[in-house]
$ cat my_file.txt   # compact mmCIF, C-alpha atoms
# COMPACT_ATOMS: atom_id res chain seq x y z
CA MET A 1 12.00 -16.60 -5.07
CA THR A 2 11.21 -14.01 -7.74
CA GLY A 3 7.52 -14.31 -6.88
CA VAL A 4 8.14 -13.78 -3.15
CA ILE A 5 10.39 -10.77 -3.80
CA ALA A 6 7.83 -9.34 -6.21
CA ALA A 7 5.01 -9.85 -3.71
CA MET A 8 7.00 -8.27 -0.85
CA SER A 9 8.82 -5.59 -2.85
CA GLN A 10 6.31 -2.96 -1.73
CA LEU A 11 7.78 -3.17 1.77
CA PHE A 12 11.15 -1.90 0.53
CA SER A 13 9.79 1.41 -0.73
CA PRO A 14 8.32 4.04 1.63
CA PRO A 15 4.54 4.49 1.47
CA PHE A 16 5.00 8.34 1.44
CA ASN A 17 7.72 10.45 -0.21
CA GLU A 18 9.39 12.72 2.33
CA ASP A 19 9.88 15.64 -0.07
CA VAL A 20 6.22 15.46 -1.09
CA GLN A 21 5.23 15.38 2.56
CA GLU A 22 7.36 18.44 3.24
CA VAL A 23 5.80 20.46 0.43
CA ARG A 24 2.34 19.28 1.43
CA LYS A 25 2.96 20.45 5.01
CA GLU A 26 4.08 23.88 3.77
CA HIS A 27 1.05 24.12 1.51
CA ARG A 28 -1.26 23.22 4.40
CA GLU A 29 0.33 25.90 6.58
CA ALA A 30 -0.04 28.50 3.82
CA ARG A 31 -3.68 27.52 3.33
CA ASN A 32 -4.40 27.74 7.08
CA ASN A 33 -2.75 31.17 7.21
CA ARG A 34 -4.80 32.28 4.24
CA ASP A 35 -8.02 31.11 5.91
CA THR A 36 -7.06 32.79 9.18
CA ASP A 37 -6.40 36.06 7.31
CA ARG A 38 -9.77 35.75 5.57
CA VAL A 39 -11.55 35.29 8.87
CA GLU A 40 -9.61 38.23 10.29
CA SER A 41 -10.64 40.33 7.26
CA VAL A 42 -14.28 39.51 7.78
CA LEU A 43 -14.02 40.35 11.49
CA LEU A 44 -12.32 43.63 10.58
CA LEU A 45 -15.08 44.34 8.13
CA GLN A 46 -17.64 43.69 10.88
CA GLU A 47 -15.84 46.16 13.15
CA LEU A 48 -15.85 48.76 10.39
CA ILE A 49 -19.59 48.23 9.95
CA ASN A 50 -20.09 48.65 13.70
CA LEU A 51 -18.12 51.94 13.65
CA LYS A 52 -20.47 53.22 10.88
CA ILE A 53 -17.69 55.03 9.09
CA LEU A 54 -18.34 53.48 5.73
CA PRO A 55 -20.48 55.10 3.10
CA ASP A 56 -23.95 53.51 2.75
CA THR A 57 -23.18 51.71 -0.53
CA LEU A 58 -20.05 50.16 0.89
CA ASN A 59 -21.71 49.45 4.23
CA SER A 60 -24.48 47.51 2.48
CA ARG A 61 -21.99 45.46 0.44
CA ALA A 62 -19.89 44.81 3.55
CA GLU A 63 -22.92 43.61 5.52
CA ASN A 64 -23.90 41.28 2.67
CA LEU A 65 -20.38 39.90 2.55
CA VAL A 66 -20.23 39.31 6.31
CA THR A 67 -23.66 37.63 6.31
CA SER A 68 -22.74 35.46 3.33
CA HIS A 69 -19.44 34.51 4.99
CA SER A 70 -21.21 33.59 8.19
CA LEU A 71 -23.72 31.40 6.31
CA ASN A 72 -21.01 29.74 4.23
CA GLU A 73 -18.93 29.07 7.32
CA LYS A 74 -21.84 27.34 9.03
CA LYS A 75 -22.67 25.41 5.88
CA SER A 76 -19.03 24.39 5.41
CA GLU A 77 -18.80 23.19 9.00
CA SER A 78 -22.02 21.21 8.69
CA LEU A 79 -20.95 19.66 5.37
CA TYR A 80 -17.51 18.82 6.79
CA ASN A 81 -19.17 16.97 9.69
CA ASP A 82 -21.48 15.14 7.27
CA LEU A 83 -18.52 14.25 5.07
CA LYS A 84 -16.57 12.87 8.03
CA ALA A 85 -19.57 10.77 9.12
CA LEU A 86 -20.14 9.56 5.55
CA LYS A 87 -16.46 8.63 5.10
CA LYS A 88 -16.53 6.78 8.41
CA SER A 89 -19.65 4.86 7.38
CA LYS A 90 -17.99 3.80 4.09
CA LYS A 91 -14.86 2.45 5.77
CA VAL A 92 -14.23 -1.29 5.63
CA ASN A 93 -11.70 -2.60 8.15
CA GLY A 94 -9.75 0.64 8.11
CA PHE A 95 -9.76 0.92 4.32
CA GLN A 96 -11.42 3.97 2.74
CA ASN A 97 -14.13 1.96 0.99
CA LEU A 98 -15.13 -1.49 -0.22
CA ASN A 99 -13.36 -1.02 -3.56
CA ILE A 100 -9.98 -0.35 -1.94
CA PHE A 101 -10.55 -3.14 0.58
CA LEU A 102 -11.28 -5.66 -2.21
CA ALA A 103 -8.33 -4.39 -4.27
CA ASN A 104 -6.03 -5.02 -1.32
CA MET A 105 -7.57 -8.32 -0.25
CA GLY A 106 -8.13 -9.92 -3.68
CA ASN A 107 -4.59 -10.99 -4.39
CA PRO A 108 -3.77 -12.17 -0.85
CA VAL A 109 -6.90 -14.36 -0.94
CA PHE A 110 -5.79 -15.69 -4.32
CA ILE A 111 -2.35 -16.50 -2.88
CA LEU A 112 -3.96 -18.03 0.23
CA ILE A 113 -6.03 -20.41 -1.88
CA THR A 114 -2.90 -21.36 -3.83
CA GLY A 115 -1.15 -22.04 -0.52
CA ILE A 116 -4.01 -24.25 0.70
CA LEU A 117 -3.97 -26.08 -2.62
CA PHE A 118 -0.26 -26.80 -2.33
CA MET A 119 -0.79 -27.99 1.26
CA ILE A 120 -3.48 -30.44 0.08
CA LEU A 121 -1.14 -31.69 -2.64
CA PHE A 122 1.59 -32.13 -0.03
CA LEU A 123 -0.70 -34.09 2.31
CA PHE A 124 -1.80 -36.45 -0.47
CA ARG A 125 1.63 -36.62 -2.11
CA LYS A 126 2.09 -40.37 -1.60
CA ARG A 127 -1.29 -41.30 -3.02
CA ILE A 128 -1.24 -38.94 -5.96
CA ASP A 129 -0.59 -40.11 -9.47
CA TRP A 130 1.26 -36.98 -10.50
CA LEU A 131 1.09 -37.75 -14.19
CA LYS A 132 -2.73 -37.76 -14.14
CA LEU A 133 -2.96 -34.80 -11.77
CA SER A 134 -0.63 -32.74 -13.93
CA LYS A 135 -3.36 -32.58 -16.61
CA SER A 136 -5.11 -29.97 -14.48
CA PHE A 137 -1.91 -27.90 -14.25
CA LEU A 138 -2.25 -26.71 -17.84
CA TYR A 139 -5.59 -25.03 -17.11
CA LEU A 140 -4.41 -23.64 -13.78
CA SER A 141 -1.29 -22.26 -15.44
CA LEU A 142 -3.40 -20.50 -18.10
CA MET A 143 -5.62 -19.07 -15.37
CA TYR A 144 -2.58 -17.62 -13.55
CA LEU A 145 -1.22 -16.21 -16.81
CA PHE A 146 -4.50 -14.43 -17.60
CA VAL A 147 -4.98 -13.01 -14.10
CA SER A 148 -1.38 -11.78 -13.93
CA SER A 149 -1.59 -10.38 -17.49
CA VAL A 150 -4.49 -8.12 -16.52
CA TYR A 151 -2.55 -6.71 -13.56
CA LEU A 152 0.70 -6.39 -15.50
CA ILE A 153 -1.00 -4.57 -18.39
CA TRP A 154 -2.63 -2.27 -15.85
CA GLY A 155 0.67 -1.68 -14.02
CA ILE A 156 2.78 -1.08 -17.13
CA SER A 157 0.27 1.02 -19.07
CA ASN A 158 0.54 4.80 -18.74
CA SER A 159 -3.09 5.18 -17.83
CA MET A 160 -4.28 4.24 -14.33
CA GLU A 161 -7.54 3.08 -15.87
CA ILE A 162 -7.07 0.37 -18.49
CA HIS A 163 -9.71 -0.40 -21.07
CA LYS A 164 -12.59 -2.52 -19.82
CA ILE A 165 -11.99 -5.05 -22.56
CA TYR A 166 -8.79 -6.19 -20.82
CA TYR A 167 -10.64 -6.77 -17.57
CA VAL A 168 -13.50 -8.61 -19.25
CA THR A 169 -11.23 -10.74 -21.47
CA GLY A 170 -8.92 -11.58 -18.58
CA LEU A 171 -11.83 -12.37 -16.29
CA VAL A 172 -13.63 -14.58 -18.82
CA PHE A 173 -10.55 -16.61 -19.76
CA ALA A 174 -9.22 -16.81 -16.21
CA SER A 175 -12.62 -18.00 -14.94
CA LEU A 176 -12.90 -20.53 -17.74
CA PHE A 177 -9.45 -21.99 -17.12
CA ALA A 178 -9.94 -21.85 -13.35
CA MET A 179 -13.14 -23.82 -13.71
CA LEU A 180 -11.56 -26.43 -16.00
CA GLY A 181 -8.41 -26.69 -13.88
CA LEU A 182 -10.21 -26.98 -10.56
CA ARG A 183 -12.74 -29.40 -12.00
CA SER A 184 -9.95 -31.65 -13.17
CA LEU A 185 -8.00 -31.22 -9.93
CA LEU A 186 -10.95 -31.84 -7.60
CA PHE A 187 -12.19 -34.73 -9.72
CA TYR A 188 -8.85 -36.46 -9.29
CA LEU A 189 -8.40 -35.51 -5.61
CA PHE A 190 -11.80 -36.94 -4.72
CA LYS A 191 -10.89 -40.12 -6.55
CA ILE A 192 -7.81 -40.50 -4.34
CA ASN A 193 -9.98 -41.54 -1.37
CA SER A 194 -11.34 -44.46 -3.31
CA ILE A 195 -7.93 -45.77 -4.39
CA GLU A 196 -7.57 -47.94 -1.25
CA GLU A 197 -11.10 -49.28 -1.75
CA GLU A 198 -10.30 -49.97 -5.40
CA LYS A 199 -7.24 -51.98 -4.36
CA LEU A 200 -9.33 -54.13 -1.99
CA LEU A 201 -11.96 -54.72 -4.67
CA LYS A 202 -9.23 -55.77 -7.06
CA ALA A 203 -7.92 -58.25 -4.48
CA ILE A 204 -11.45 -59.68 -4.01
CA ARG A 205 -11.84 -59.98 -7.80
CA ILE A 206 -8.53 -61.88 -8.04
CA LEU A 207 -9.62 -64.34 -5.31
CA PHE A 208 -13.05 -64.91 -6.86
CA ARG A 209 -11.46 -65.35 -10.28
CA GLN A 210 -9.23 -68.08 -8.85
CA LEU A 211 -12.09 -69.83 -7.02
CA LEU A 212 -14.88 -69.58 -9.56
CA HIS A 213 -13.04 -69.39 -12.87
CA THR A 214 -9.45 -70.67 -12.92
CA VAL A 215 -9.90 -73.75 -10.70
CA PRO A 216 -12.95 -75.16 -12.61
CA LYS A 217 -11.54 -74.25 -16.03
CA LYS A 218 -8.17 -75.87 -15.36
CA ASN A 219 -9.85 -78.96 -13.84
CA TYR A 220 -7.93 -78.64 -10.58
CA VAL A 221 -10.84 -80.36 -8.80
CA LYS A 222 -11.57 -84.07 -9.24
CA ASP A 223 -14.91 -84.86 -10.89
CA ASP A 224 -16.26 -86.65 -7.83
CA LYS A 225 -15.51 -83.57 -5.69
CA PHE A 226 -16.84 -80.99 -8.14
CA VAL A 227 -20.37 -80.83 -6.71
CA GLU A 228 -18.99 -80.40 -3.21
CA TYR A 229 -16.54 -77.74 -4.42
CA THR A 230 -19.27 -75.75 -6.23
CA GLU A 231 -21.57 -75.86 -3.22
CA SER A 232 -18.72 -74.66 -1.05
CA ASN A 233 -18.23 -71.74 -3.46
CA ASN A 234 -21.95 -70.96 -3.26
CA ARG A 235 -21.68 -70.68 0.51
CA ILE A 236 -18.71 -68.30 0.11
CA ILE A 237 -20.63 -66.16 -2.42
CA ASN A 238 -23.58 -65.88 -0.02
CA GLU A 239 -21.35 -65.01 2.92
CA VAL A 240 -19.43 -62.32 1.01
CA ALA A 241 -22.65 -60.83 -0.39
CA GLU A 242 -24.14 -60.63 3.12
CA THR A 243 -20.92 -59.10 4.50
CA ILE A 244 -20.69 -56.29 1.99
CA ASP A 245 -24.42 -55.53 2.11
CA MET B 246 -29.76 -71.79 -10.89
CA ASP B 247 -30.63 -71.09 -7.27
CA GLU B 248 -32.33 -67.66 -7.10
CA LYS B 249 -30.36 -66.64 -4.02
CA ILE B 250 -27.03 -67.40 -5.69
CA LYS B 251 -28.13 -65.55 -8.83
CA LYS B 252 -29.12 -62.51 -6.79
CA ASN B 253 -25.89 -62.55 -4.79
CA LEU B 254 -23.75 -62.94 -7.93
CA ASN B 255 -25.46 -59.89 -9.40
CA LYS B 256 -24.96 -57.97 -6.19
CA LEU B 257 -21.23 -58.80 -6.15
CA TYR B 258 -20.97 -57.84 -9.81
CA LYS B 259 -22.59 -54.46 -9.14
CA LYS B 260 -20.18 -53.92 -6.23
CA LYS B 261 -17.30 -54.65 -8.65
CA CYS B 262 -16.24 -57.76 -6.68
CA LEU B 263 -16.79 -60.06 -9.65
CA GLU B 264 -16.13 -59.99 -13.37
CA LYS B 265 -18.72 -61.07 -15.92
CA GLN B 266 -16.47 -63.87 -17.18
CA VAL B 267 -16.20 -65.31 -13.66
CA ILE B 268 -20.00 -65.27 -13.29
CA ASN B 269 -20.35 -67.07 -16.61
CA THR B 270 -17.90 -69.79 -15.53
CA HIS B 271 -19.68 -70.24 -12.21
CA GLU B 272 -23.01 -70.50 -14.03
CA GLU B 273 -21.46 -73.23 -16.19
CA SER B 274 -20.27 -74.99 -13.03
CA LEU B 275 -23.76 -74.76 -11.54
CA ALA B 276 -25.26 -76.12 -14.74
CA ARG B 277 -22.77 -78.99 -14.67
CA VAL B 278 -23.60 -79.73 -11.03
CA LYS B 279 -27.33 -79.67 -11.83
CA LYS B 280 -26.79 -82.07 -14.71
CA GLU B 281 -24.70 -84.42 -12.59
CA VAL B 282 -27.25 -84.39 -9.78
CA GLU B 283 -30.03 -85.20 -12.27
CA LYS B 284 -27.94 -87.98 -13.75
CA LEU B 285 -27.30 -89.44 -10.30
CA LYS B 286 -31.00 -89.22 -9.50
CA GLU B 287 -31.81 -91.07 -12.70
CA GLU B 288 -29.23 -93.74 -11.88
CA ILE B 289 -30.70 -94.12 -8.40
CA ASP B 290 -34.20 -94.43 -9.84
CA GLU B 291 -33.01 -96.98 -12.39
CA LYS B 292 -31.24 -98.97 -9.70
CA GLU B 293 -34.34 -98.87 -7.51
CA GLN B 294 -36.53 -100.05 -10.36
CA GLU B 295 -34.02 -102.79 -11.23
CA ASN B 296 -33.90 -103.98 -7.66
CA THR B 297 -37.67 -103.87 -7.36
CA LYS B 298 -37.96 -105.92 -10.53
CA LYS B 299 -35.27 -108.34 -9.38
CA PHE B 300 -36.88 -109.00 -6.04
CA GLU B 301 -40.53 -108.80 -7.02
CA GLY B 302 -40.68 -112.62 -7.56
CA LEU B 303 -39.63 -113.32 -3.98
CA PRO B 304 -42.28 -114.50 -1.53
CA LYS B 305 -43.82 -111.79 0.67
CA GLY B 306 -44.31 -111.72 4.41
CA ILE B 307 -41.31 -113.96 5.22
CA LEU B 308 -38.96 -113.33 8.11
CA PHE B 309 -35.36 -114.55 7.94
CA GLN B 310 -33.36 -114.65 11.12
CA PHE B 311 -29.52 -114.89 11.28
CA GLY B 312 -28.58 -114.84 14.90
CA LYS B 313 -29.55 -111.41 16.17
CA HIS B 314 -30.27 -110.04 12.63
CA GLN B 315 -33.70 -110.21 11.01
CA ILE B 316 -34.70 -109.58 7.35
CA TYR B 317 -38.42 -109.14 6.67
CA LEU B 318 -39.57 -109.34 3.07
CA THR B 319 -42.55 -107.10 2.35
CA ASN B 320 -44.37 -106.15 -0.85
$ encode --input "my_file.txt" --output "structure tokens"
Amino acid sequence: MTGVIAAMSQLFSPPFNEDVQEVRKEHREARNNRDTDRVESVLLLQELINLKILPDTLNSRAENLVTSHSLNEKKSESLYNDLKALKKSKKVNGFQNLNIFLANMGNPVFILITGILFMILFLFRKRIDWLKLSKSFLYLSLMYLFVSSVYLIWGISNSMEIHKIYYVTGLVFASLFAMLGLRSLLFYLFKINSIEEEKLLKAIRILFRQLLHTVPKKNYVKDDKFVEYTESNNRIINEVAETID
Amino acid sequence: MDEKIKKNLNKLYKKKCLEKQVINTHEESLARVKKEVEKLKEEIDEKEQENTKKFEGLPKGILFQFGKHQIYLTN
């Protein structure tokens, strides 16, 4: 329950703060007005140049400024278009870039795998020897603790960038325990399929033990019938061997 | 021991259908059977020799007839 609430808690807080949005909108308006005024100023300057009322020194500086502004405007427009195209090319499924995409997809994939794992355990629940299987839970638990520790340290620390050593340590230990846990889990799960076969083999062993070992040892067959009995057993051995071949 | 049986016992052991102890007991049984068969063969041979010796003094080439039944003594 706590885990589900923690995983979904993001939904209960707005993605954008309204007051921040308001201030941002005002700032954008102010910036646009400023840019419009700058453009107007340059146009005014151009008109003044055209009227030829400025002294030569000022006229020369004004012309330089207008030319520079024109070049910068073209350059800015071109760079803005390049930037838009570049940003678009870096997008992955609507996310800004691969890093953000992986950051958002990593944990859901992790949870998905856990879900699939629990589903497998549910499907095999009647065949599973839980005591043996639980040996793998120790490693899996340690893996979860290390992975969550890295994220919790990152979330709680004041810095948005935590020291690399935490990532590396968490990754190494989590990978190690994941490997050990999954190895143990898969080893046992694959053995489950052979449990039915093992039961049948055990039944065959019991029958053969009775026929070939217990009956002769306990002298359940009369001496004059022993040869016949042994030959009969030989025929059974041959038939079974041919059947299972 | 019959080679086929030996091979099949090994095969069943490898397939985990048999235990080693069971194979050992069956090998003992086979050895016992072999011994008994040999003993019976010896007894048969002895009996044959005894009979041959017993009847070797009888005249040869004689035909006895008892109604429909005939006994022909040969060498």
$ residues_near_point --input "my_file.txt" --point "(-2.3, -6.8, -0.8)" --cutoff "12 Å" --atoms "all atoms listed in the file" --output "list in words"
Ala6, Ala7, Met8, Ser9, Gln10, Leu11, Phe95, Ile100, Phe101, Leu102, Ala103, Asn104, Met105, Gly106, Asn107, Pro108, Val109, Phe110, Ile111 and Leu112 of chain A
$ write_last_selection --input "my_file.txt" --atoms "C-alpha atoms" --output "PDB file, keeping the file's coordinate frame"
ATOM      1  CA  ALA A   6       7.830  -9.340  -6.210  1.00  0.00           C
ATOM      2  CA  ALA A   7       5.010  -9.850  -3.710  1.00  0.00           C
ATOM      3  CA  MET A   8       7.000  -8.270  -0.850  1.00  0.00           C
ATOM      4  CA  SER A   9       8.820  -5.590  -2.850  1.00  0.00           C
ATOM      5  CA  GLN A  10       6.310  -2.960  -1.730  1.00  0.00           C
ATOM      6  CA  LEU A  11       7.780  -3.170   1.770  1.00  0.00           C
ATOM      7  CA  PHE A  95      -9.760   0.920   4.320  1.00  0.00           C
ATOM      8  CA  ILE A 100      -9.980  -0.350  -1.940  1.00  0.00           C
ATOM      9  CA  PHE A 101     -10.550  -3.140   0.580  1.00  0.00           C
ATOM     10  CA  LEU A 102     -11.280  -5.660  -2.210  1.00  0.00           C
ATOM     11  CA  ALA A 103      -8.330  -4.390  -4.270  1.00  0.00           C
ATOM     12  CA  ASN A 104      -6.030  -5.020  -1.320  1.00  0.00           C
ATOM     13  CA  MET A 105      -7.570  -8.320  -0.250  1.00  0.00           C
ATOM     14  CA  GLY A 106      -8.130  -9.920  -3.680  1.00  0.00           C
ATOM     15  CA  ASN A 107      -4.590 -10.990  -4.390  1.00  0.00           C
ATOM     16  CA  PRO A 108      -3.770 -12.170  -0.850  1.00  0.00           C
ATOM     17  CA  VAL A 109      -6.900 -14.360  -0.940  1.00  0.00           C
ATOM     18  CA  PHE A 110      -5.790 -15.690  -4.320  1.00  0.00           C
ATOM     19  CA  ILE A 111      -2.350 -16.500  -2.880  1.00  0.00           C
ATOM     20  CA  LEU A 112      -3.960 -18.030   0.230  1.00  0.00           C
TER      21      LEU A 112
END
$ closest_atom_pairs --input "my_file.txt" --of "chain B" --to "chain A" --cutoff "6 Å" --atoms "only C-alpha atoms" --output "JSON lines"
{"residue": "B:Asn253", "atom": "CA", "partner": "A:Ala241", "partner_atom": "CA", "distance": 5.7}
{"residue": "B:Cys262", "atom": "CA", "partner": "A:Arg205", "partner_atom": "CA", "distance": 5.1}
{"residue": "B:Leu263", "atom": "CA", "partner": "A:Arg205", "partner_atom": "CA", "distance": 5.3}
{"residue": "B:Val267", "atom": "CA", "partner": "A:His213", "partner_atom": "CA", "distance": 5.2}
{"residue": "B:Thr270", "atom": "CA", "partner": "A:His213", "partner_atom": "CA", "distance": 5.6}
{"residue": "B:His271", "atom": "CA", "partner": "A:Leu212", "partner_atom": "CA", "distance": 5.5}
{"residue": "B:Val278", "atom": "CA", "partner": "A:Val227", "partner_atom": "CA", "distance": 5.5}
$ closest_residue --input "my_file.txt" --among "A:Thr67, A:Thr169, A:Asn81, A:Asn33" --to "Leu45 (chain A)" --atoms "all atoms listed in the file"
A:Thr67
$ atom_distance --input "my_file.txt" --atom1 "CA of Leu171 (chain A)" --atom2 "CA of Val147 (chain A)"
7.2 Å
$ residues_around --input "my_file.txt" --residues "Tyr151 (chain A)" --least-positions-apart "4" --cutoff "10 Å" --atoms "all atoms listed in the file" --output "NGL selection string"
:A and (146-147 or 155-157 or 162 or 166-167 or 170)
$ atom_distance --input "my_file.txt" --atom1 "CA of Thr36 (chain A)" --atom2 "CA of Asn17 (chain A)"
28.4 Å
$ closest_residue --input "my_file.txt" --among "A:Ser13, A:Ser175, A:Asn64, A:Ser76" --to "Tyr144 (chain A)" --atoms "all atoms listed in the file"
A:Ser175
$ decode --input "my_file.txt" --residues "region 259-288 of chain B" --atoms "N, CA and C atoms" --output "PDB file, in the first residue's frame"
ATOM      1  N   LYS B 259      21.348 -45.061 -15.916  1.00  0.00           N
ATOM      2  CA  LYS B 259      21.678 -43.690 -16.352  1.00  0.00           C
ATOM      3  C   LYS B 259      20.437 -42.810 -16.415  1.00  0.00           C
ATOM      4  N   LYS B 260      19.290 -43.454 -16.731  1.00  0.00           N
ATOM      5  CA  LYS B 260      18.030 -42.690 -16.800  1.00  0.00           C
ATOM      6  C   LYS B 260      17.379 -42.561 -15.422  1.00  0.00           C
ATOM      7  N   LYS B 261      18.091 -42.981 -14.392  1.00  0.00           N
ATOM      8  CA  LYS B 261      17.636 -42.888 -12.994  1.00  0.00           C
ATOM      9  C   LYS B 261      16.389 -43.746 -12.706  1.00  0.00           C
ATOM     10  N   CYS B 262      16.217 -44.844 -13.491  1.00  0.00           N
ATOM     11  CA  CYS B 262      15.085 -45.730 -13.246  1.00  0.00           C
ATOM     12  C   CYS B 262      15.475 -46.852 -12.277  1.00  0.00           C
ATOM     13  N   LEU B 263      16.766 -47.011 -12.082  1.00  0.00           N
ATOM     14  CA  LEU B 263      17.251 -48.112 -11.232  1.00  0.00           C
ATOM     15  C   LEU B 263      18.297 -47.597 -10.264  1.00  0.00           C
ATOM     16  N   GLU B 264      18.371 -48.289  -9.109  1.00  0.00           N
ATOM     17  CA  GLU B 264      19.438 -47.945  -8.160  1.00  0.00           C
ATOM     18  C   GLU B 264      20.549 -48.989  -8.287  1.00  0.00           C
ATOM     19  N   LYS B 265      21.727 -48.610  -7.885  1.00  0.00           N
ATOM     20  CA  LYS B 265      22.888 -49.500  -8.018  1.00  0.00           C
ATOM     21  C   LYS B 265      22.666 -50.815  -7.244  1.00  0.00           C
ATOM     22  N   GLN B 266      22.076 -50.668  -6.055  1.00  0.00           N
ATOM     23  CA  GLN B 266      21.838 -51.844  -5.205  1.00  0.00           C
ATOM     24  C   GLN B 266      20.921 -52.856  -5.907  1.00  0.00           C
ATOM     25  N   VAL B 267      19.914 -52.324  -6.613  1.00  0.00           N
ATOM     26  CA  VAL B 267      18.962 -53.181  -7.325  1.00  0.00           C
ATOM     27  C   VAL B 267      19.678 -53.926  -8.455  1.00  0.00           C
ATOM     28  N   ILE B 268      20.559 -53.213  -9.151  1.00  0.00           N
ATOM     29  CA  ILE B 268      21.337 -53.850 -10.236  1.00  0.00           C
ATOM     30  C   ILE B 268      22.206 -54.969  -9.655  1.00  0.00           C
ATOM     31  N   ASN B 269      22.825 -54.693  -8.535  1.00  0.00           N
ATOM     32  CA  ASN B 269      23.681 -55.711  -7.898  1.00  0.00           C
ATOM     33  C   ASN B 269      22.880 -56.964  -7.552  1.00  0.00           C
ATOM     34  N   THR B 270      21.691 -56.757  -6.984  1.00  0.00           N
ATOM     35  CA  THR B 270      20.855 -57.909  -6.608  1.00  0.00           C
ATOM     36  C   THR B 270      20.442 -58.707  -7.845  1.00  0.00           C
ATOM     37  N   HIS B 271      20.090 -57.960  -8.923  1.00  0.00           N
ATOM     38  CA  HIS B 271      19.671 -58.671 -10.137  1.00  0.00           C
ATOM     39  C   HIS B 271      20.852 -59.435 -10.739  1.00  0.00           C
ATOM     40  N   GLU B 272      22.044 -58.863 -10.642  1.00  0.00           N
ATOM     41  CA  GLU B 272      23.240 -59.563 -11.135  1.00  0.00           C
ATOM     42  C   GLU B 272      23.468 -60.853 -10.329  1.00  0.00           C
ATOM     43  N   GLU B 273      23.206 -60.761  -9.036  1.00  0.00           N
ATOM     44  CA  GLU B 273      23.318 -61.961  -8.182  1.00  0.00           C
ATOM     45  C   GLU B 273      22.302 -63.017  -8.630  1.00  0.00           C
ATOM     46  N   SER B 274      21.062 -62.521  -8.912  1.00  0.00           N
ATOM     47  CA  SER B 274      20.010 -63.447  -9.361  1.00  0.00           C
ATOM     48  C   SER B 274      20.413 -64.118 -10.666  1.00  0.00           C
ATOM     49  N   LEU B 275      20.982 -63.312 -11.571  1.00  0.00           N
ATOM     50  CA  LEU B 275      21.402 -63.869 -12.871  1.00  0.00           C
ATOM     51  C   LEU B 275      22.523 -64.892 -12.689  1.00  0.00           C
ATOM     52  N   ALA B 276      23.430 -64.571 -11.762  1.00  0.00           N
ATOM     53  CA  ALA B 276      24.527 -65.510 -11.486  1.00  0.00           C
ATOM     54  C   ALA B 276      23.970 -66.811 -10.916  1.00  0.00           C
ATOM     55  N   ARG B 277      22.977 -66.678 -10.045  1.00  0.00           N
ATOM     56  CA  ARG B 277      22.353 -67.861  -9.428  1.00  0.00           C
ATOM     57  C   ARG B 277      21.652 -68.709 -10.489  1.00  0.00           C
ATOM     58  N   VAL B 278      20.960 -68.015 -11.403  1.00  0.00           N
ATOM     59  CA  VAL B 278      20.263 -68.713 -12.485  1.00  0.00           C
ATOM     60  C   VAL B 278      21.274 -69.457 -13.352  1.00  0.00           C
ATOM     61  N   LYS B 279      22.386 -68.748 -13.667  1.00  0.00           N
ATOM     62  CA  LYS B 279      23.417 -69.360 -14.520  1.00  0.00           C
ATOM     63  C   LYS B 279      23.972 -70.632 -13.865  1.00  0.00           C
ATOM     64  N   LYS B 280      24.212 -70.506 -12.559  1.00  0.00           N
ATOM     65  CA  LYS B 280      24.757 -71.638 -11.803  1.00  0.00           C
ATOM     66  C   LYS B 280      23.775 -72.819 -11.799  1.00  0.00           C
ATOM     67  N   GLU B 281      22.504 -72.493 -11.603  1.00  0.00           N
ATOM     68  CA  GLU B 281      21.485 -73.544 -11.549  1.00  0.00           C
ATOM     69  C   GLU B 281      21.321 -74.225 -12.900  1.00  0.00           C
ATOM     70  N   VAL B 282      21.389 -73.419 -13.951  1.00  0.00           N
ATOM     71  CA  VAL B 282      21.267 -73.973 -15.316  1.00  0.00           C
ATOM     72  C   VAL B 282      22.446 -74.904 -15.594  1.00  0.00           C
ATOM     73  N   GLU B 283      23.649 -74.472 -15.179  1.00  0.00           N
ATOM     74  CA  GLU B 283      24.839 -75.306 -15.385  1.00  0.00           C
ATOM     75  C   GLU B 283      24.733 -76.615 -14.612  1.00  0.00           C
ATOM     76  N   LYS B 284      24.227 -76.447 -13.375  1.00  0.00           N
ATOM     77  CA  LYS B 284      24.062 -77.651 -12.530  1.00  0.00           C
ATOM     78  C   LYS B 284      23.078 -78.640 -13.167  1.00  0.00           C
ATOM     79  N   LEU B 285      21.983 -78.090 -13.672  1.00  0.00           N
ATOM     80  CA  LEU B 285      20.978 -78.941 -14.330  1.00  0.00           C
ATOM     81  C   LEU B 285      21.564 -79.618 -15.569  1.00  0.00           C
ATOM     82  N   LYS B 286      22.369 -78.854 -16.303  1.00  0.00           N
ATOM     83  CA  LYS B 286      23.008 -79.417 -17.500  1.00  0.00           C
ATOM     84  C   LYS B 286      23.912 -80.584 -17.120  1.00  0.00           C
ATOM     85  N   GLU B 287      24.676 -80.350 -16.040  1.00  0.00           N
ATOM     86  CA  GLU B 287      25.582 -81.403 -15.565  1.00  0.00           C
ATOM     87  C   GLU B 287      24.796 -82.645 -15.160  1.00  0.00           C
ATOM     88  N   GLU B 288      23.692 -82.421 -14.451  1.00  0.00           N
ATOM     89  CA  GLU B 288      22.842 -83.537 -14.006  1.00  0.00           C
ATOM     90  C   GLU B 288      22.294 -84.303 -15.208  1.00  0.00           C
TER      91      GLU B 288
END
